[in-house]
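For reference, the structure discussed in these notes is given below.
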Amino acid sequence: MTVNENYQMAKKSYEKWGIDVTDVLAKLKKIPISIHCWQGDDVTGFEVNQNELSGGIEVTGDYPGKATTPEELRRDIEMALSLIPGKHRINLHAIYAETDGEFVERDQLKPEHFKKWVDWAKEHGLGLDFNPTLFSHDKASDGLTLAHPDPSIRKFWIDHCIASRKIGEYFGKELGTPCLTNIWIPDGYKDTPSDRLTPRQRLKDSLDEIYAVEIDEKYNLDAVESKVFGIGSESYVVGSHEFYYGYALKNNKLCLMDTGHYHPTETVSNKISSMLLFSDQLALHVSRPVRWDSDHVVTLDDELKEIAIEIVRNDALNKVIIGLDFFDASINRVAAWTIGTRNMLKALLYGMLMPHDHLKQLQESGNFTERLALQEELKTYPFGAIWDYYCEQMDVPEQENWLKNIKKYEEEVLVKREAE
Ligand code: RNT
Ligand code: ZN
């Protein structure tokens, strides 16, 4: 049986429930995923005075072929994009600036340092998102940045964040699609604080200063990302969920939820509906925490599906900005992007192939037996056949066939990098 024959059969199963599969695929095509550039080089970046990765995040593994120049990184992203169906976005960090070998402090970064990224994004029809980098720097070596007691250190990071928002504005203007500029800071304490309020008061004041600079939302959207703990900030994180949720609501900013940033049994899927009642838009860093915020490559697990289902059934595809955040150096990095992004898309497709109105109705009428029965039976519907057809239509390899391309790329490009 061909991919198309399988598809035609599978389609009938969904049509039984009134699902217009052709329409679903047309919709899926329009969902952009913001793919993080930092999977390609283990969050290293291209700064002239490179610092070790800090901020309580960790990349483990030593797989050959890590990108060490902007050209290599872009080439690797292009490779991954050729295996991922759809048009997507690339998410950059300030440490990916290109300064022609000159040292430029982070508070001095300008749009021109990202011109090559913009030219490349234009060439490939990609949107760009951005993040100031408030880690891997000597002014962040004690684990405090925007909440630092020293006003000069705080000022440095405030200026860096303002510079970053201007870079975001530049991306938005050049590419005709608003850039999401997301602030995440590592600030926190290893041990029990004697004062939880003062650092949070300082963070609030720093954010107020950063956002006092007005930038048109047509070009740049601001997000804030919370966390529950990090390595070295096990007992207290200044920018907790409550902190940023409050801040975002009051100041009309986007709350960004990273799926690795909550207690192990707390799920982001269960937060989306509540938050959407009070905010027009939300943002996500889809990751996979394994026992801790380990940033494993995203797999098609129950929580990923549940997140996608929530976005789809609440008609929130235009309200939830989906970004990825994982970094694994123990496997082929280009494959990591491919696997994680394809999984995010698969989860969305899975969520779109469900009779949500009917399922909602079953719940409203108290028919929990049928609700459970149907939810379970749908799990073994021929979803894979629809996915394969979608890949074929979008001109990317279906099933595991993309692995051949990766292997070839590894032999011809990645392995050779090591030898140089
Ligand atoms: C860290 C946050 C943050 C980073 C990136 C590199 O815990 O998740 O989003 O992973 O900014
Ligand atoms: Zn994140």
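Chain labels run A, B, ... following the order of the structure tokens; each chain numbers its residues from 1, and ligands are numbered from 1 in the order shown.
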
Inset, instruction - Mind the document's chain letters and residue numbers, and return as a ChimeraX atom specification the residues of stretch 73-273 of chain A that DSSP labels alpha helix (DSSP H). - result: /A:73-81,115-124,151-175,197-212,241-251,269-273

Let me see the file: selected residues, C-alpha atoms, as a short mmCIF file (atom, residue, chain, number, x, y, z; two decimals), in the first residue's frame.
data_model
loop_
_atom_site.label_atom_id
_atom_site.label_comp_id
_atom_site.auth_asym_id
_atom_site.auth_seq_id
_atom_site.Cartn_x
_atom_site.Cartn_y
_atom_site.Cartn_z
CA LEU A 73 24.82 26.56 12.80
CA ARG A 74 22.69 28.00 10.01
CA ARG A 75 23.59 25.14 7.73
CA ASP A 76 22.59 22.65 10.42
CA ILE A 77 19.28 24.43 10.98
CA GLU A 78 18.64 24.35 7.23
CA MET A 79 19.28 20.63 7.28
CA ALA A 80 16.78 20.11 10.11
CA LEU A 81 14.22 22.35 8.39
CA LYS A 115 21.99 41.38 10.25
CA LYS A 116 23.30 38.10 8.90
CA TRP A 117 20.62 36.20 10.77
CA VAL A 118 17.98 38.51 9.33
CA ASP A 119 19.31 38.16 5.78
CA TRP A 120 19.32 34.41 6.20
CA ALA A 121 15.79 34.39 7.68
CA LYS A 122 14.57 36.43 4.70
CA GLU A 123 16.20 34.05 2.28
CA HIS A 124 14.44 31.09 3.88
CA PRO A 151 22.64 48.61 41.24
CA SER A 152 25.45 48.72 38.67
CA ILE A 153 25.07 45.02 37.87
CA ARG A 154 21.32 45.42 37.69
CA LYS A 155 21.73 48.37 35.36
CA PHE A 156 23.97 46.37 33.06
CA TRP A 157 21.35 43.65 32.69
CA ILE A 158 18.50 46.14 32.34
CA ASP A 159 20.40 47.77 29.48
CA HIS A 160 21.02 44.36 27.93
CA CYS A 161 17.30 43.59 28.03
CA ILE A 162 16.40 46.94 26.49
CA ALA A 163 18.99 46.37 23.76
CA SER A 164 17.46 42.94 23.17
CA ARG A 165 13.96 44.31 22.80
CA LYS A 166 15.28 46.72 20.17
CA ILE A 167 16.83 43.82 18.33
CA GLY A 168 13.45 42.09 18.51
CA GLU A 169 11.82 45.21 17.07
CA TYR A 170 14.33 45.13 14.22
CA PHE A 171 13.50 41.48 13.50
CA GLY A 172 9.80 42.29 13.46
CA LYS A 173 10.25 45.23 11.12
CA GLU A 174 12.53 43.42 8.72
CA LEU A 175 10.63 40.15 8.60
CA LEU A 197 10.48 39.68 49.06
CA THR A 198 13.38 42.11 48.49
CA PRO A 199 14.88 40.31 45.46
CA ARG A 200 11.40 40.06 43.93
CA GLN A 201 10.81 43.75 44.53
CA ARG A 202 14.07 44.46 42.70
CA LEU A 203 13.15 42.18 39.82
CA LYS A 204 9.82 43.95 39.49
CA ASP A 205 11.56 47.34 39.42
CA SER A 206 14.08 46.11 36.84
CA LEU A 207 11.30 44.84 34.57
CA ASP A 208 9.47 48.16 34.94
CA GLU A 209 12.59 49.94 33.69
CA ILE A 210 13.07 47.51 30.83
CA TYR A 211 9.48 47.88 29.67
CA ALA A 212 9.36 51.65 30.17
CA HIS A 241 5.42 31.37 38.25
CA GLU A 242 3.27 33.50 40.56
CA PHE A 243 5.70 36.38 40.23
CA TYR A 244 5.65 36.48 36.45
CA TYR A 245 2.01 35.57 36.07
CA GLY A 246 1.14 38.52 38.26
CA TYR A 247 3.58 40.74 36.44
CA ALA A 248 2.39 39.69 33.00
CA LEU A 249 -1.29 40.18 33.82
CA LYS A 250 -0.78 43.59 35.34
CA ASN A 251 1.55 44.86 32.65
CA SER A 269 -1.52 21.35 29.91
CA ASN A 270 -3.74 22.01 32.91
CA LYS A 271 -2.74 25.67 33.14
CA ILE A 272 -3.45 26.79 29.59
CA SER A 273 -7.25 27.04 29.86
#

Inset, instruction - Mind checking which residues fall within 7 Å of stretch 217-232 of chain A, counting only C-alpha atoms, ignoring those fewer than 2 positions away in the same chain, and posting them as a ChimeraX atom specification? - result: /A:56-57,168-169,172-173,177-184,189-190,215,234-237,239-241,244,253-257,261-262

May I have the selected residues written with C-alpha atoms, as a compact mmCIF listing (two decimals), in the first residue's frame?
# COMPACT_ATOMS: atom_id res chain seq x y z
CA GLY A 56 21.92 26.41 36.47
CA ILE A 57 21.26 24.82 33.10
CA GLY A 168 13.45 42.09 18.51
CA GLU A 169 11.82 45.21 17.07
CA GLY A 172 9.80 42.29 13.46
CA LYS A 173 10.25 45.23 11.12
CA THR A 177 6.16 39.18 11.73
CA PRO A 178 6.45 40.19 15.38
CA CYS A 179 9.42 38.85 17.31
CA LEU A 180 8.76 37.30 20.71
CA THR A 181 11.47 38.59 23.02
CA ASN A 182 11.54 36.40 26.11
CA ILE A 183 13.31 37.23 29.35
CA TRP A 184 14.52 34.36 31.48
CA TYR A 189 19.46 30.97 46.03
CA LYS A 190 20.88 27.56 46.73
CA ILE A 215 8.11 49.31 21.43
CA GLU A 234 17.30 24.85 44.49
CA SER A 235 15.67 26.65 47.41
CA TYR A 236 14.44 29.83 45.83
CA VAL A 237 13.97 31.32 42.38
CA GLY A 239 11.16 34.80 39.02
CA SER A 240 8.64 32.17 40.10
CA HIS A 241 5.42 31.37 38.25
CA TYR A 244 5.65 36.48 36.45
CA LYS A 253 3.06 40.97 28.88
CA LEU A 254 3.04 37.36 27.81
CA CYS A 255 3.61 34.65 30.35
CA LEU A 256 5.95 32.03 28.97
CA MET A 257 5.62 28.57 30.47
CA HIS A 261 9.82 24.61 35.05
CA TYR A 262 7.16 23.22 37.36

Inset, instruction - Determine which residues of stretch 99-184 of chain A DSSP labels as strand (DSSP E) from the backbone of this structure, then write them out as a list in words. - result: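 DSSP on the backbone gives strand (DSSP E) at Gly127, Leu128, Asp129, Phe130, Asn131, Cys179, Leu180, Thr181, Asn182 and Ile183 of chain A.
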
Legend entry - Residue with smallest distance to A:Gly45 - pool A:Phe135, A:Trp402, A:Tyr63, A:Tyr7, counting only C-alpha atoms: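 Result for the nearest residue to A:Gly45: A:Phe135.
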
Inset, instruction - Go through A:Gly323, A:Gly65, A:Pro264, A:Gly384 one by one, measure the shortest atom-to-atom distance of each to ligand 1 using only C-alpha atoms and all ligand atoms, and give the residue with the smallest value. - result: A:Gly323

Inset, instruction - Name the residues in contact with A:Phe46 at a cut-off of 10 Å, using only C-alpha atoms, excluding same-chain residues fewer than 5 positions from it; report them as a list in words. - result: Asp41, Thr68, Thr69, Pro70, Ala94, Ile95, Tyr96, Ala97, Glu98, Thr99 and Gly101 of chain A

Inset, instruction - Name the closest residue to ligand 2 among the candidates A:Val320, A:Leu92, A:Val43, A:Val286; distances are taken between atoms, counting only C-alpha atoms and all ligand atoms. - result: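 Of A:Val320, A:Leu92, A:Val43, A:Val286, the one nearest ligand 2, counting only C-alpha atoms and all ligand atoms, is A:Val286.
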
Inset, instruction - Please provide the set of residues having any atom within 10 Å of A:Arg333, restricted to only C-alpha atoms, with same-chain residues fewer than 4 positions apart removed, written as a PyMOL selection string. - result: chain A and resi 38-42+63-67+76-77+80+297+327-329+337-339+406+410+414

Expected file: the selected residues, C-alpha atoms, as a PDB file, in the first residue's frame:
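After the write, result_3.pdb holds the following:
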ATOM      1  CA  TRP A  38      20.771  26.624  20.840  1.00  0.00           C
ATOM      2  CA  GLN A  39      20.238  22.878  20.334  1.00  0.00           C
ATOM      3  CA  GLY A  40      22.843  23.098  17.569  1.00  0.00           C
ATOM      4  CA  ASP A  41      25.816  24.164  19.664  1.00  0.00           C
ATOM      5  CA  ASP A  42      24.975  23.233  23.258  1.00  0.00           C
ATOM      6  CA  TYR A  63      28.394  13.894  20.150  1.00  0.00           C
ATOM      7  CA  PRO A  64      30.626  14.888  17.231  1.00  0.00           C
ATOM      8  CA  GLY A  65      29.786  17.736  14.896  1.00  0.00           C
ATOM      9  CA  LYS A  66      28.762  20.611  17.147  1.00  0.00           C
ATOM     10  CA  ALA A  67      28.396  23.860  15.199  1.00  0.00           C
ATOM     11  CA  ASP A  76      22.586  22.646  10.422  1.00  0.00           C
ATOM     12  CA  ILE A  77      19.278  24.427  10.979  1.00  0.00           C
ATOM     13  CA  ALA A  80      16.782  20.111  10.110  1.00  0.00           C
ATOM     14  CA  VAL A 297      14.414  16.186  23.391  1.00  0.00           C
ATOM     15  CA  PHE A 327      19.493  20.703  24.408  1.00  0.00           C
ATOM     16  CA  ASP A 328      20.951  17.268  24.095  1.00  0.00           C
ATOM     17  CA  ALA A 329      24.586  16.772  23.099  1.00  0.00           C
ATOM     18  CA  TRP A 337      15.829  19.254  16.349  1.00  0.00           C
ATOM     19  CA  THR A 338      14.129  17.045  13.788  1.00  0.00           C
ATOM     20  CA  ILE A 339      12.723  14.596  16.329  1.00  0.00           C
ATOM     21  CA  ILE A 406      20.878  12.805   8.700  1.00  0.00           C
ATOM     22  CA  GLU A 410      26.782  13.432   9.520  1.00  0.00           C
ATOM     23  CA  LEU A 414      29.467  16.862  10.832  1.00  0.00           C
TER      24      LEU A 414
END

Inset, instruction - Could you please determine the separation between atom CA of A:Leu378 and atom CA of A:Pro85 in Å, to one decimal place? - result: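 Distance between the two atoms: 23.7 Å.
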
Legend entry - Neighbour list for stretch 306-311 of chain A as JSON, numbers by chain, cut-off 12 Å, only C-alpha atoms, skip fewer than 4 positions in-chain: {"A": [28, 31, 257, 258, 259, 267, 268, 269, 270, 271, 272, 273, 274, 275, 276, 281, 282, 283, 284, 285, 286, 287, 300, 301, 302, 315, 316, 317, 318, 319, 320, 321, 322, 343, 344, 345, 346, 347, 348, 349, 350, 351, 352, 353, 354, 355, 356, 359, 375]}

Inset, instruction - Return the single residue from A:Trp387, A:Tyr381, A:Tyr409, A:Phe368 that is closest to A:Asn4, with distances computed using only C-alpha atoms. - result: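 The closest residue to A:Asn4 is A:Trp387.
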
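Proximity ranking of A:Ile35, A:Ala335, A:Leu374, A:Val312 relative to ligand 2 places A:Ile35 first, based on only C-alpha atoms and all ligand atoms.
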